[in-house]
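Below: the structure, in structure tokens.
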Amino acid sequence: MSRVIAIFNQKGGVGKTTTAMNVSGYFAILGKKTLLIDFDPQYNTTIGLGVIHEPSETIYHALLAGQQIDKVIKRTYLARLDVVPASQDLAGALVELIEVPDRESLLKKFIDRIRDQYDFILVDLGPTVNLLTVNGLMAADEVVIPVQCEYYSLEGIPQLLDTVHLIRENLGHPLKISGALLTMYDKREKLSRDIAREIRKRFPYKVYDVEIPRSVALAESPRFQKPIMLYAPQSPGAIAYEELAKEIIRGDENQKEYIIPPKRDVFETISSHPYVEKTYEYDYGTYTPAINIKSEEIKKEIIEEEISSDIREPLVLMIHEEGDFKDFFDSLTPERK
Ligand code: ATP
Ligand code: MG
């Protein structure tokens, strides 16, 4: 039974295309017949793998211009790896799709016609949430979410999970989150290590064991139109993507049971401070500390950016404590929860 995996994060430049290209390559090397579909109007996968095709031989043409399927499936330098290219035309599909019946499931129909020929079909999505993304997610059985180890990476996660939940609940498609993947990880940098730890702690689904290191070879290989195993097979990035491919093939073992938690619920307030309450927001299974200012007058002061020292200190203290909030929450007695 083949597996269709969308590589999704609406945040740009987090390593989706790098992951799609290189994991696909290793699936092929590990003996799995693999198809990689470029479903991003930026067509970076198509460029990065040097796919040669006629202008009318792209995913857009197969979906909306009557092109035959076998014309858009292209072979690559790797045995067992095929690619369906994209081009800028795909941007136009956004407008055309609106008119089409079943506009959310055109890609799914395309994939359904060929999925029995492959062990894995990967879909590389662009950095947006639009009808193309919805098509990619509706066509997939599971999503892999690359998350870059940088300061703002956690911020987009609630929105990303919202999109997946919308696909499940509103469109009735049982899409599974296979896991988040830490990318551009630099083990020498404390910030990178701290962020990786924080994502492992807070992300409510599996986080892959392997971390993809920041690696020059990974950034360079698209310039040579090759996946990493044909460009620098001994590099740390290559080794990490091979490990990831194996981890994905192993699949569900040790998968956290996923329950859809209530969307957002403020349910804990702990503070004896006269001005400040520390609250915990429960958001898709993660606990996020929030600070509630009790006094309207002080709120006004903060808005006016004239924070007096007696409020600034507890605020700083609470922000400082953030890292331990979950352990603290876990230590509470059930009544207090
Ligand atoms: P977009 O959202 O625009 O589609 P993306 O999420 O597909 O972007 P990539 O194109 O894979 O992201 O990566 C963004 C940039 O970072 C590229 O220049 C890529 O070569 C580089 N890059 C990706 N992963 C790594 C890595 N592990 N080490 C070094 N550079 C990387
Ligand atoms: Mg990309």
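The chains in the structure tokens are called A, B, ... from first to last as shown; in each chain the residues are counted from 1, and the ligands are counted from 1 in the order shown.
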
message: Just want the 10 Å neighbourhood of Met184 of chain A, counted on only C-alpha atoms, with same-chain residues fewer than 2 positions away dropped. Output as an MDAnalysis selection string.
response: chainID A and resid 14:15 146:150 181:182 186:187 192 211:215 218 237

For ligand 2, list the contacting residues at 10 Å or closer, counting only C-alpha atoms and all ligand atoms, as a compact mmCIF listing (two decimals) with C-alpha atoms, in the first residue's frame.
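pocket07.txt, freshly written:
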# COMPACT_ATOMS: atom_id res chain seq x y z
CA ILE A 7 5.64 18.32 3.02
CA PHE A 8 3.90 21.25 4.61
CA ASN A 9 4.64 24.41 6.55
CA LYS A 11 6.29 29.42 6.71
CA GLY A 12 8.76 30.06 3.90
CA GLY A 13 12.32 28.82 3.66
CA VAL A 14 12.14 26.19 6.40
CA GLY A 15 13.52 23.32 4.31
CA LYS A 16 10.40 21.84 2.68
CA THR A 17 11.88 21.52 -0.79
CA THR A 18 15.26 20.36 0.52
CA THR A 19 13.46 17.70 2.54
CA ALA A 20 11.15 16.65 -0.31
CA MET A 21 14.03 16.26 -2.78
CA ASP A 38 6.31 19.66 -7.31
CA PHE A 39 3.19 21.52 -6.25
CA ASP A 40 4.61 24.98 -5.70
CA PRO A 41 4.43 27.74 -8.35
CA GLN A 42 8.02 28.65 -7.33
CA TYR A 43 8.95 25.20 -8.81
CA ASN A 44 12.14 24.89 -6.77
CA THR A 45 12.03 21.08 -6.80
CA ASP A 124 6.23 19.55 -2.10
CA LEU A 125 3.99 22.47 -1.13
CA GLY A 126 4.62 26.22 -1.24
CA PRO A 127 4.79 28.60 1.72

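Here the helix (DSSP H, G or I) residues in segment 123-170 of chain A, by DSSP on the backbone, are Leu131, Leu132, Thr133, Val134, Asn135, Gly136, Leu137, Met138, Ala139, Tyr151, Tyr152, Ser153, Leu154, Ile157, Pro158, Gln159, Leu160, Leu161, Asp162, Thr163, Val164, His165, Leu166, Ile167, Arg168 and Glu169 of chain A.
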
query: Which residue, A:Ala91, A:Val23, A:Leu106, A:Ile37, has the smallest gap to Lys74 of chain A when you use only C-alpha atoms?
result: A:Ile37

query: Using only C-alpha atoms and all ligand atoms, which of A:Gln88, A:Thr163, A:Thr58, A:Thr128 sits nearest ligand 1?
result: A:Thr128

- prompt: What is the distance, in Å and to one decimal place, between atom CA of Ile145 of chain A and atom CA of Lys190 of chain A?
  reply: 22.7 Å

- line: Computed gap from atom CA of Gly25 of chain A to atom 14 (C, counted along the ligand's line) of ligand 1 is 17.8 Å

query: Which one is closest to Ala238 of chain A: A:Lys109, A:Tyr26, A:Gly66, A:Val4? Count only C-alpha atoms.
result: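 Between A:Lys109, A:Tyr26, A:Gly66, A:Val4, the residue approaching Ala238 of chain A most closely is A:Tyr26.
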
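Secondary structure by DSSP on the backbone puts the following residues of segment 51-110 of chain A in strand (DSSP E or B): A:Lys74, A:Arg75, A:Leu81, A:Asp82, A:Val83, A:Val84.
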
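If you look at atom 22 (N, counted along the ligand's line) of ligand 1 and atom CA of Pro236 of chain A, they are 13.2 Å away from each other.
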
field: 10 Å contact set for Thr76 of chain A, only C-alpha atoms, chain neighbours under 3 positions out, as a list in words
entry: Gly25, Leu49, Gly50, Val51, Ile52, Ile73, Ala79, Arg80, Leu81, Asp82, Val83 and Lys226 of chain A

Got time to write the residues from that selection, N, CA and C atoms, as a compact mmCIF listing (two decimals), in the first residue's frame?
# COMPACT_ATOMS: atom_id res chain seq x y z
N GLY A 25 14.88 11.03 -2.74
CA GLY A 25 16.08 10.38 -3.28
C GLY A 25 16.47 9.16 -2.44
N LEU A 49 16.19 19.63 -9.17
CA LEU A 49 16.51 18.30 -9.69
C LEU A 49 16.82 18.35 -11.20
N GLY A 50 16.81 19.56 -11.75
CA GLY A 50 17.14 19.72 -13.17
C GLY A 50 16.22 18.95 -14.09
N VAL A 51 14.91 18.98 -13.77
CA VAL A 51 13.97 18.19 -14.58
C VAL A 51 13.78 18.87 -15.95
N ILE A 52 13.98 18.09 -17.00
CA ILE A 52 13.79 18.64 -18.35
C ILE A 52 12.39 18.27 -18.82
N ILE A 73 5.05 12.70 -16.04
CA ILE A 73 5.91 11.96 -15.10
C ILE A 73 7.29 11.80 -15.74
N ALA A 79 17.41 5.71 -10.31
CA ALA A 79 16.42 4.67 -10.59
C ALA A 79 15.38 4.73 -9.48
N ARG A 80 14.17 4.44 -9.80
CA ARG A 80 13.04 4.40 -8.85
C ARG A 80 12.58 5.77 -8.38
N LEU A 81 13.20 6.88 -8.86
CA LEU A 81 12.66 8.20 -8.49
C LEU A 81 12.13 8.90 -9.74
N ASP A 82 10.83 9.19 -9.74
CA ASP A 82 10.21 9.99 -10.80
C ASP A 82 9.75 11.33 -10.21
N VAL A 83 9.61 12.31 -11.11
CA VAL A 83 9.19 13.64 -10.67
C VAL A 83 8.10 14.16 -11.59
N LYS A 226 21.15 18.35 -8.37
CA LYS A 226 21.25 16.98 -7.87
C LYS A 226 20.75 16.89 -6.44
